[in-house]
>>> print(open('structure-v1.cif').read())   # mmCIF, C-alpha atoms and all ligand atoms; chains and numbers go by the auth columns
data_target
#
loop_
_atom_site.group_PDB
_atom_site.id
_atom_site.type_symbol
_atom_site.label_atom_id
_atom_site.label_comp_id
_atom_site.label_asym_id
_atom_site.label_seq_id
_atom_site.Cartn_x
_atom_site.Cartn_y
_atom_site.Cartn_z
_atom_site.B_iso_or_equiv
_atom_site.auth_seq_id
_atom_site.auth_asym_id
ATOM 1 C CA MET A 1 0.000 0.000 0.000 0.00 28 A
ATOM 2 C CA ALA A 2 2.832 2.351 0.992 0.00 29 A
ATOM 3 C CA THR A 3 4.623 1.569 -2.312 0.00 30 A
ATOM 4 C CA VAL A 4 1.536 2.564 -4.309 0.00 31 A
ATOM 5 C CA SER A 5 1.258 5.965 -2.622 0.00 32 A
ATOM 6 C CA VAL A 6 5.005 6.627 -3.035 0.00 33 A
ATOM 7 C CA ASN A 7 4.686 5.731 -6.723 0.00 34 A
ATOM 8 C CA ARG A 8 1.709 8.058 -7.051 0.00 35 A
ATOM 9 C CA ALA A 9 3.621 10.889 -5.348 0.00 36 A
ATOM 10 C CA VAL A 10 6.583 10.375 -7.698 0.00 37 A
ATOM 11 C CA LEU A 11 4.257 10.325 -10.696 0.00 38 A
ATOM 12 C CA THR A 12 2.519 13.505 -9.553 0.00 39 A
ATOM 13 C CA TRP A 13 5.847 15.189 -9.018 0.00 40 A
ATOM 14 C CA ARG A 14 7.052 14.154 -12.518 0.00 41 A
ATOM 15 C CA LEU A 15 3.835 15.438 -14.064 0.00 42 A
ATOM 16 C CA ALA A 16 4.298 18.750 -12.257 0.00 43 A
ATOM 17 C CA VAL A 17 7.877 19.059 -13.545 0.00 44 A
ATOM 18 C CA ALA A 18 6.758 18.125 -17.087 0.00 45 A
ATOM 19 C CA TRP A 19 3.950 20.687 -16.925 0.00 46 A
ATOM 20 C CA THR A 20 6.350 23.402 -15.758 0.00 47 A
ATOM 21 C CA TRP A 21 8.720 22.609 -18.616 0.00 48 A
ATOM 22 C CA LEU A 22 5.907 22.511 -21.160 0.00 49 A
ATOM 23 C CA TRP A 23 4.697 25.882 -19.928 0.00 50 A
ATOM 24 C CA HIS A 24 8.227 27.276 -20.004 0.00 51 A
ATOM 25 C CA PHE A 25 8.992 26.000 -23.513 0.00 52 A
ATOM 26 C CA SER A 26 5.843 27.505 -24.919 0.00 53 A
ATOM 27 C CA SER A 27 6.445 30.889 -23.312 0.00 54 A
ATOM 28 C CA ASP A 28 7.907 34.092 -24.714 0.00 55 A
ATOM 29 C CA GLN A 29 10.270 33.975 -21.753 0.00 56 A
ATOM 30 C CA MET A 30 12.023 30.889 -23.106 0.00 57 A
ATOM 31 C CA TRP A 31 12.573 32.439 -26.520 0.00 58 A
ATOM 32 C CA TYR A 32 13.807 35.585 -24.805 0.00 59 A
ATOM 33 C CA GLU A 33 16.326 33.534 -22.802 0.00 60 A
ATOM 34 C CA ILE A 34 17.581 31.825 -25.962 0.00 61 A
ATOM 35 C CA ARG A 35 18.140 35.220 -27.588 0.00 62 A
ATOM 36 C CA GLN A 36 20.025 36.331 -24.467 0.00 63 A
ATOM 37 C CA LEU A 37 22.535 33.495 -24.947 0.00 64 A
ATOM 38 C CA GLY A 38 23.359 34.972 -28.366 0.00 65 A
ATOM 39 C CA ARG A 39 23.444 38.378 -26.757 0.00 66 A
ATOM 40 C CA VAL A 40 26.375 37.484 -24.501 0.00 67 A
ATOM 41 C CA ALA A 41 28.219 35.979 -27.450 0.00 68 A
ATOM 42 C CA ASP A 42 28.069 39.114 -29.616 0.00 69 A
ATOM 43 C CA SER A 43 28.669 41.742 -26.951 0.00 70 A
ATOM 44 C CA TYR A 44 32.092 42.332 -28.497 0.00 71 A
ATOM 45 C CA THR A 45 30.788 42.957 -32.028 0.00 72 A
ATOM 46 C CA GLN A 46 28.197 45.355 -30.595 0.00 73 A
ATOM 47 C CA GLY A 47 31.012 47.351 -29.003 0.00 74 A
ATOM 48 C CA GLU A 48 29.454 47.130 -25.559 0.00 75 A
ATOM 49 C CA THR A 49 31.277 48.284 -22.471 0.00 76 A
ATOM 50 C CA PRO A 50 32.344 45.247 -20.420 0.00 77 A
ATOM 51 C CA ALA A 51 31.023 44.806 -16.880 0.00 78 A
ATOM 52 C CA HIS A 52 34.382 45.413 -15.152 0.00 79 A
ATOM 53 C CA VAL A 53 34.574 48.859 -16.817 0.00 80 A
ATOM 54 C CA LEU A 54 30.944 49.592 -15.935 0.00 81 A
ATOM 55 C CA ARG A 55 31.829 48.877 -12.312 0.00 82 A
ATOM 56 C CA VAL A 56 34.768 51.315 -12.400 0.00 83 A
ATOM 57 C CA ILE A 57 32.523 53.996 -13.932 0.00 84 A
ATOM 58 C CA ALA A 58 29.894 53.424 -11.246 0.00 85 A
ATOM 59 C CA GLU A 59 32.478 53.679 -8.468 0.00 86 A
ATOM 60 C CA LYS A 60 34.244 56.745 -9.898 0.00 87 A
ATOM 61 C CA ALA A 61 30.929 58.510 -10.482 0.00 88 A
ATOM 62 C CA GLU A 62 29.657 57.510 -7.021 0.00 89 A
ATOM 63 C CA MET A 63 26.600 55.815 -8.497 0.00 90 A
ATOM 64 C CA GLY A 64 23.996 54.665 -6.008 0.00 91 A
ATOM 65 C CA LEU A 65 20.339 53.982 -5.450 0.00 92 A
ATOM 66 C CA GLY A 66 18.293 56.349 -7.591 0.00 93 A
ATOM 67 C CA THR A 67 21.217 57.849 -9.541 0.00 94 A
ATOM 68 C CA ARG A 68 19.742 58.968 -12.864 0.00 95 A
ATOM 69 C CA VAL A 69 22.086 57.796 -15.581 0.00 96 A
ATOM 70 C CA LEU A 70 21.791 58.636 -19.266 0.00 97 A
ATOM 71 C CA ASP A 71 23.644 56.477 -21.805 0.00 98 A
ATOM 72 C CA ILE A 72 24.123 58.330 -25.100 0.00 99 A
ATOM 73 C CA GLY A 73 23.978 55.574 -27.714 0.00 100 A
ATOM 74 C CA CYS A 74 22.731 52.886 -25.318 0.00 101 A
ATOM 75 C CA GLY A 75 22.769 50.090 -27.946 0.00 102 A
ATOM 76 C CA ARG A 76 20.977 47.052 -26.507 0.00 103 A
ATOM 77 C CA GLY A 77 20.926 48.543 -23.018 0.00 104 A
ATOM 78 C CA SER A 78 23.474 46.243 -21.387 0.00 105 A
ATOM 79 C CA ALA A 79 25.317 49.030 -19.564 0.00 106 A
ATOM 80 C CA LEU A 80 22.110 50.597 -18.264 0.00 107 A
ATOM 81 C CA ALA A 81 20.690 47.232 -17.183 0.00 108 A
ATOM 82 C CA TYR A 82 23.894 46.473 -15.279 0.00 109 A
ATOM 83 C CA TRP A 83 23.870 49.798 -13.428 0.00 110 A
ATOM 84 C CA ALA A 84 20.175 49.479 -12.626 0.00 111 A
ATOM 85 C CA SER A 85 20.497 45.885 -11.394 0.00 112 A
ATOM 86 C CA VAL A 86 23.738 46.177 -9.461 0.00 113 A
ATOM 87 C CA PHE A 87 23.672 49.790 -8.208 0.00 114 A
ATOM 88 C CA GLY A 88 19.957 50.630 -8.254 0.00 115 A
ATOM 89 C CA ALA A 89 20.433 53.402 -10.804 0.00 116 A
ATOM 90 C CA GLU A 90 17.522 54.857 -12.787 0.00 117 A
ATOM 91 C CA PRO A 91 18.421 54.172 -16.426 0.00 118 A
ATOM 92 C CA ILE A 92 17.664 56.330 -19.443 0.00 119 A
ATOM 93 C CA GLY A 93 18.980 55.545 -22.911 0.00 120 A
ATOM 94 C CA ILE A 94 19.111 57.429 -26.180 0.00 121 A
ATOM 95 C CA GLU A 95 19.591 55.187 -29.203 0.00 122 A
ATOM 96 C CA GLU A 96 19.208 56.024 -32.868 0.00 123 A
ATOM 97 C CA VAL A 97 18.739 52.462 -34.178 0.00 124 A
ATOM 98 C CA PRO A 98 15.092 51.499 -33.467 0.00 125 A
ATOM 99 C CA ALA A 99 15.817 47.746 -33.216 0.00 126 A
ATOM 100 C CA LEU A 100 18.420 48.429 -30.526 0.00 127 A
ATOM 101 C CA GLY A 101 16.012 50.703 -28.683 0.00 128 A
ATOM 102 C CA THR A 102 13.487 47.845 -28.733 0.00 129 A
ATOM 103 C CA ALA A 103 16.145 45.423 -27.463 0.00 130 A
ATOM 104 C CA THR A 104 16.849 47.780 -24.552 0.00 131 A
ATOM 105 C CA ARG A 105 13.149 47.971 -23.685 0.00 132 A
ATOM 106 C CA GLU A 106 12.903 44.161 -23.834 0.00 133 A
ATOM 107 C CA LEU A 107 15.885 43.790 -21.538 0.00 134 A
ATOM 108 C CA PHE A 108 14.432 46.265 -19.033 0.00 135 A
ATOM 109 C CA LYS A 109 11.117 44.408 -19.105 0.00 136 A
ATOM 110 C CA CYS A 110 12.740 41.012 -18.607 0.00 137 A
ATOM 111 C CA LEU A 111 14.747 42.275 -15.625 0.00 138 A
ATOM 112 C CA SER A 112 11.806 44.275 -14.205 0.00 139 A
ATOM 113 C CA ILE A 113 13.777 47.487 -14.548 0.00 140 A
ATOM 114 C CA SER A 114 11.790 50.661 -14.904 0.00 141 A
ATOM 115 C CA GLY A 115 13.761 52.739 -17.344 0.00 142 A
ATOM 116 C CA THR A 116 13.280 55.070 -20.268 0.00 143 A
ATOM 117 C CA VAL A 117 14.421 54.574 -23.839 0.00 144 A
ATOM 118 C CA ILE A 118 14.395 57.496 -26.261 0.00 145 A
ATOM 119 C CA VAL A 119 14.766 56.387 -29.867 0.00 146 A
ATOM 120 C CA GLY A 120 16.397 58.985 -32.089 0.00 147 A
ATOM 121 C CA ASP A 121 19.598 60.807 -32.942 0.00 148 A
ATOM 122 C CA PHE A 122 21.008 62.319 -29.747 0.00 149 A
ATOM 123 C CA ALA A 123 21.426 65.588 -31.648 0.00 150 A
ATOM 124 C CA GLU A 124 17.705 65.761 -32.341 0.00 151 A
ATOM 125 C CA VAL A 125 16.033 64.586 -29.150 0.00 152 A
ATOM 126 C CA GLU A 126 15.615 66.287 -25.813 0.00 153 A
ATOM 127 C CA TRP A 127 18.001 65.134 -23.068 0.00 154 A
ATOM 128 C CA PRO A 128 16.512 64.676 -19.600 0.00 155 A
ATOM 129 C CA ASP A 129 18.210 66.195 -16.575 0.00 156 A
ATOM 130 C CA VAL A 130 20.334 63.444 -14.967 0.00 157 A
ATOM 131 C CA ASP A 131 23.104 62.857 -12.407 0.00 158 A
ATOM 132 C CA LEU A 132 25.436 61.026 -14.781 0.00 159 A
ATOM 133 C CA ILE A 133 25.862 60.973 -18.552 0.00 160 A
ATOM 134 C CA TYR A 134 27.790 58.073 -20.091 0.00 161 A
ATOM 135 C CA ILE A 135 29.413 58.283 -23.503 0.00 162 A
ATOM 136 C CA ALA A 136 31.227 55.335 -25.078 0.00 163 A
ATOM 137 C CA GLY A 137 33.068 57.750 -27.337 0.00 164 A
ATOM 138 C CA THR A 138 34.491 55.358 -29.894 0.00 165 A
ATOM 139 C CA CYS A 139 31.295 55.244 -31.941 0.00 166 A
ATOM 140 C CA PHE A 140 30.779 58.919 -32.720 0.00 167 A
ATOM 141 C CA SER A 141 31.944 60.769 -35.827 0.00 168 A
ATOM 142 C CA PRO A 142 33.954 64.020 -35.430 0.00 169 A
ATOM 143 C CA SER A 143 30.910 66.116 -36.386 0.00 170 A
ATOM 144 C CA ALA A 144 28.783 64.249 -33.825 0.00 171 A
ATOM 145 C CA VAL A 145 31.425 64.974 -31.170 0.00 172 A
ATOM 146 C CA GLY A 146 31.014 68.746 -31.733 0.00 173 A
ATOM 147 C CA GLU A 147 27.252 68.465 -31.196 0.00 174 A
ATOM 148 C CA LEU A 148 27.840 66.188 -28.215 0.00 175 A
ATOM 149 C CA GLN A 149 29.970 68.870 -26.535 0.00 176 A
ATOM 150 C CA ARG A 150 27.370 71.550 -27.224 0.00 177 A
ATOM 151 C CA ARG A 151 24.689 69.367 -25.607 0.00 178 A
ATOM 152 C CA LEU A 152 26.905 68.474 -22.644 0.00 179 A
ATOM 153 C CA LEU A 153 27.416 72.157 -21.919 0.00 180 A
ATOM 154 C CA GLN A 154 23.664 72.484 -21.427 0.00 181 A
ATOM 155 C CA SER A 155 23.650 69.868 -18.658 0.00 182 A
ATOM 156 C CA SER A 156 23.222 71.016 -15.089 0.00 183 A
ATOM 157 C CA ALA A 157 26.267 71.863 -12.973 0.00 184 A
ATOM 158 C CA LYS A 158 25.840 68.792 -10.759 0.00 185 A
ATOM 159 C CA THR A 159 25.846 66.362 -13.702 0.00 186 A
ATOM 160 C CA LYS A 160 28.884 64.110 -13.953 0.00 187 A
ATOM 161 C CA ILE A 161 30.031 63.019 -17.403 0.00 188 A
ATOM 162 C CA ALA A 162 31.842 59.697 -17.905 0.00 189 A
ATOM 163 C CA VAL A 163 33.554 59.422 -21.269 0.00 190 A
ATOM 164 C CA ILE A 164 35.469 56.581 -22.868 0.00 191 A
ATOM 165 C CA THR A 165 38.277 57.541 -25.276 0.00 192 A
ATOM 166 C CA LEU A 166 37.055 61.041 -26.150 0.00 193 A
ATOM 167 C CA GLU A 167 38.646 64.038 -24.453 0.00 194 A
ATOM 168 C CA LEU A 168 36.526 67.055 -23.608 0.00 195 A
ATOM 169 C CA PRO A 169 38.131 70.539 -23.584 0.00 196 A
ATOM 170 C CA THR A 170 39.210 71.401 -20.038 0.00 197 A
ATOM 171 C CA THR A 171 38.401 75.028 -20.762 0.00 198 A
ATOM 172 C CA LEU A 172 34.748 74.006 -20.657 0.00 199 A
ATOM 173 C CA PHE A 173 34.747 70.901 -18.439 0.00 200 A
ATOM 174 C CA ASP A 174 36.569 70.108 -15.192 0.00 201 A
ATOM 175 C CA LEU A 175 38.463 66.830 -15.375 0.00 202 A
ATOM 176 C CA VAL A 176 37.640 65.145 -12.067 0.00 203 A
ATOM 177 C CA ASP A 177 39.257 61.742 -12.606 0.00 204 A
ATOM 178 C CA ALA A 178 40.994 59.695 -15.295 0.00 205 A
ATOM 179 C CA VAL A 179 41.891 56.030 -15.311 0.00 206 A
ATOM 180 C CA SER A 180 43.048 53.482 -17.861 0.00 207 A
ATOM 181 C CA VAL A 181 40.520 50.711 -18.514 0.00 208 A
ATOM 182 C CA ARG A 182 40.751 47.519 -20.531 0.00 209 A
ATOM 183 C CA PHE A 183 38.328 46.696 -23.351 0.00 210 A
ATOM 184 C CA PRO A 184 38.304 43.508 -25.450 0.00 211 A
ATOM 185 C CA TRP A 185 39.925 45.576 -28.215 0.00 212 A
ATOM 186 C CA GLY A 186 42.659 47.140 -26.063 0.00 213 A
ATOM 187 C CA LYS A 187 43.219 49.809 -23.419 0.00 214 A
ATOM 188 C CA SER A 188 41.379 53.091 -23.309 0.00 215 A
ATOM 189 C CA MET A 189 40.943 56.056 -20.976 0.00 216 A
ATOM 190 C CA LEU A 190 37.916 56.633 -18.835 0.00 217 A
ATOM 191 C CA ARG A 191 37.554 60.293 -17.940 0.00 218 A
ATOM 192 C CA ILE A 192 35.077 61.780 -15.500 0.00 219 A
ATOM 193 C CA TYR A 193 34.170 65.430 -16.040 0.00 220 A
ATOM 194 C CA GLU A 194 31.853 68.024 -14.615 0.00 221 A
ATOM 195 C CA PRO A 195 30.750 71.108 -16.528 0.00 222 A
ATOM 196 C CA ARG A 196 32.920 74.097 -15.513 0.00 223 A
ATOM 197 C CA LEU A 197 31.036 76.662 -13.486 0.00 224 A
ATOM 198 C CA ASN A 198 33.100 79.414 -15.095 0.00 225 A
ATOM 199 C CA PRO A 199 34.205 78.301 -18.567 0.00 226 A
ATOM 200 C CA VAL A 200 37.645 79.745 -19.425 0.00 227 A
HETATM 201 C C1 LIG B . 29.315 51.037 -29.141 0.00 1 B
HETATM 202 S S1 LIG B . 27.586 51.085 -28.820 0.00 1 B
HETATM 203 C C2 LIG B . 27.656 51.400 -27.087 0.00 1 B
HETATM 204 C C3 LIG B . 26.541 50.740 -26.339 0.00 1 B
HETATM 205 C C4 LIG B . 26.530 51.087 -24.858 0.00 1 B
HETATM 206 N N1 LIG B . 26.601 52.520 -24.641 0.00 1 B
HETATM 207 C C5 LIG B . 27.655 50.436 -24.109 0.00 1 B
HETATM 208 O O1 LIG B . 28.630 51.141 -23.797 0.00 1 B
HETATM 209 O O2 LIG B . 27.607 49.232 -23.824 0.00 1 B
HETATM 210 C C6 LIG B . 27.236 52.702 -29.488 0.00 1 B
HETATM 211 C C7 LIG B . 25.782 52.949 -29.817 0.00 1 B
HETATM 212 O O3 LIG B . 25.608 54.346 -30.122 0.00 1 B
HETATM 213 C C8 LIG B . 24.591 54.446 -31.092 0.00 1 B
HETATM 214 N N2 LIG B . 24.706 55.759 -31.757 0.00 1 B
HETATM 215 C C9 LIG B . 25.674 56.173 -32.623 0.00 1 B
HETATM 216 N N3 LIG B . 25.425 57.428 -33.043 0.00 1 B
HETATM 217 C C10 LIG B . 24.281 57.831 -32.407 0.00 1 B
HETATM 218 C C11 LIG B . 23.501 59.028 -32.425 0.00 1 B
HETATM 219 N N4 LIG B . 23.870 60.065 -33.170 0.00 1 B
HETATM 220 N N5 LIG B . 22.407 59.097 -31.650 0.00 1 B
HETATM 221 C C12 LIG B . 22.018 58.031 -30.885 0.00 1 B
HETATM 222 N N6 LIG B . 22.703 56.863 -30.839 0.00 1 B
HETATM 223 C C13 LIG B . 23.813 56.749 -31.590 0.00 1 B
HETATM 224 C C14 LIG B . 24.858 53.261 -32.001 0.00 1 B
HETATM 225 O O4 LIG B . 23.707 52.912 -32.743 0.00 1 B
HETATM 226 C C15 LIG B . 25.277 52.180 -31.014 0.00 1 B
HETATM 227 O O5 LIG B . 24.187 51.398 -30.630 0.00 1 B
#
>>> encode(input="structure-v1.cif", output="structure tokens")
Amino acid sequence: MATVSVNRAVLTWRLAVAWTWLWHFSSDQMWYEIRQLGRVADSYTQGETPAHVLRVIAEKAEMGLGTRVLDIGCGRGSALAYWASVFGAEPIGIEEVPALGTATRELFKCLSISGTVIVGDFAEVEWPDVDLIYIAGTCFSPSAVGELQRRLLQSSAKTKIAVITLELPTTLFDLVDAVSVRFPWGKSMLRIYEPRLNPV
């Protein structure tokens, strides 16, 4: 008698596991997870900032709970998702490629992050007021860099600016910190600036 009830319990348990798997395999979540596996693999080709550099940026910029961070050219949102998940930052991204903007929104949704994605050319959209602006500078053309500087000058005095590779003129921005960081493609400089109160 005892054997029968043990067998029934095992059978019930197996059915429950099978049901869970069936539910999982038919869900959007599963397909999302499969896409995420590819996502890790092509982080390099997307030119994303690796996690160890994101951590240095967060520490140098004193990121914490509720820090509003704006990533100019957020790509698929990996940097923003990391800062939101690990440091509790409030992420905002500007991205000109609509498919990448959608990927960022999907990532936020999957991780239950409440963030904002603005799809458009950074030169043409309105920038929200934030505590930290991040610029992975390698992807911008020289003409875009001029516009970038003009926009950065409009940010509030308390806004920190973290820039990879690009140098901002110290006549207009105070260089607060600079450190060498390693990317998959080689070493680069991370610079932290603040807008100068009295531009020279
Ligand atoms: C190298 S990815 C960086 C992604 C992310 N910021 C990171 O560090 O992981 C640069 C992104 O900037 C976007 N981008 C380039 N020019 C832009 C522009 N003018 N306005 C908005 N996004 C732009 C590209 O589409 C690309 O997704």
>>> residues_near_point(input="structure-v1.cif", point="(24.8, 45.8, -24.6)", cutoff="12 Å", atoms="only C-alpha atoms", output="ChimeraX atom specification")
/A:63,65-78,81,98,100-110,120,122,127-128,130-132,134-135,163
>>> resolve_selection(input="structure-v1.cif", expression="the PyMOL selection byres (((chain A and resi 209-225) around 8) and not hetatm)", output="PyMOL selection string")
chain A and resi 71+76-77+80+84+87-88+179-180+182-192+194+198-208+226-227
>>> closest_residue(input="structure-v1.cif", among="A:Pro118, A:Gly147, A:Gly173, A:Gly142", to="ligand LIG 1 (chain B)", atoms="all atoms listed in the file")
A:Gly147
>>> atom_distance(input="structure-v1.cif", atom1="atom S1 of ligand LIG 1 (chain B)", atom2="CA of Gly164 in chain A")
8.8 Å
>>> atom_distance(input="structure-v1.cif", atom1="CA of His79 in chain A", atom2="CA of Asp148 in chain A")
27.8 Å
>>> atom_distance(input="structure-v1.cif", atom1="CA of Gly93 in chain A", atom2="CA of Glu117 in chain A")
5.5 Å
>>> residues_around(input="structure-v1.cif", residues="Arg95 in chain A", least_positions_apart="2", cutoff="9 Å", atoms="all atoms listed in the file", output="VMD selection string")
chain A and resid 90 92 to 93 97 116 to 119 156 to 160
>>> write_last_selection(input="structure-v1.cif", atoms="C-alpha atoms", output="PDB file, keeping the file's coordinate frame")
ATOM      1  CA  MET A  90      26.600  55.815  -8.497  1.00  0.00           C
ATOM      2  CA  LEU A  92      20.339  53.982  -5.450  1.00  0.00           C
ATOM      3  CA  GLY A  93      18.293  56.349  -7.591  1.00  0.00           C
ATOM      4  CA  LEU A  97      21.791  58.636 -19.266  1.00  0.00           C
ATOM      5  CA  ALA A 116      20.433  53.402 -10.804  1.00  0.00           C
ATOM      6  CA  GLU A 117      17.522  54.857 -12.787  1.00  0.00           C
ATOM      7  CA  PRO A 118      18.421  54.172 -16.426  1.00  0.00           C
ATOM      8  CA  ILE A 119      17.664  56.330 -19.443  1.00  0.00           C
ATOM      9  CA  ASP A 156      18.210  66.195 -16.575  1.00  0.00           C
ATOM     10  CA  VAL A 157      20.334  63.444 -14.967  1.00  0.00           C
ATOM     11  CA  ASP A 158      23.104  62.857 -12.407  1.00  0.00           C
ATOM     12  CA  LEU A 159      25.436  61.026 -14.781  1.00  0.00           C
ATOM     13  CA  ILE A 160      25.862  60.973 -18.552  1.00  0.00           C
TER      14      ILE A 160
END
>>> closest_residue(input="structure-v1.cif", among="A:Ser170, A:Thr129, A:Ile140, A:Glu123", to="ligand LIG 1 (chain B)", atoms="only C-alpha atoms and all ligand atoms")
A:Glu123
>>> axis_aligned_box(input="structure-v1.cif", around="range 134-138 of chain A", padding_each_side="3 Å", output="lines of an AutoDock Vina configuration file")
center_x = 13.5
center_y = 43.6
center_z = -18.6
size_x = 10.8
size_y = 11.3
size_z = 11.9
>>> closest_residue(input="structure-v1.cif", among="A:Gln181, A:Ser168, A:Ser141, A:Ser112", to="ligand LIG 1 (chain B)", atoms="all atoms listed in the file")
A:Ser168
>>> closest_residue(input="structure-v1.cif", among="A:Ala111, A:Cys166, A:Ala43, A:Val31", to="ligand LIG 1 (chain B)", atoms="all atoms listed in the file")
A:Cys166
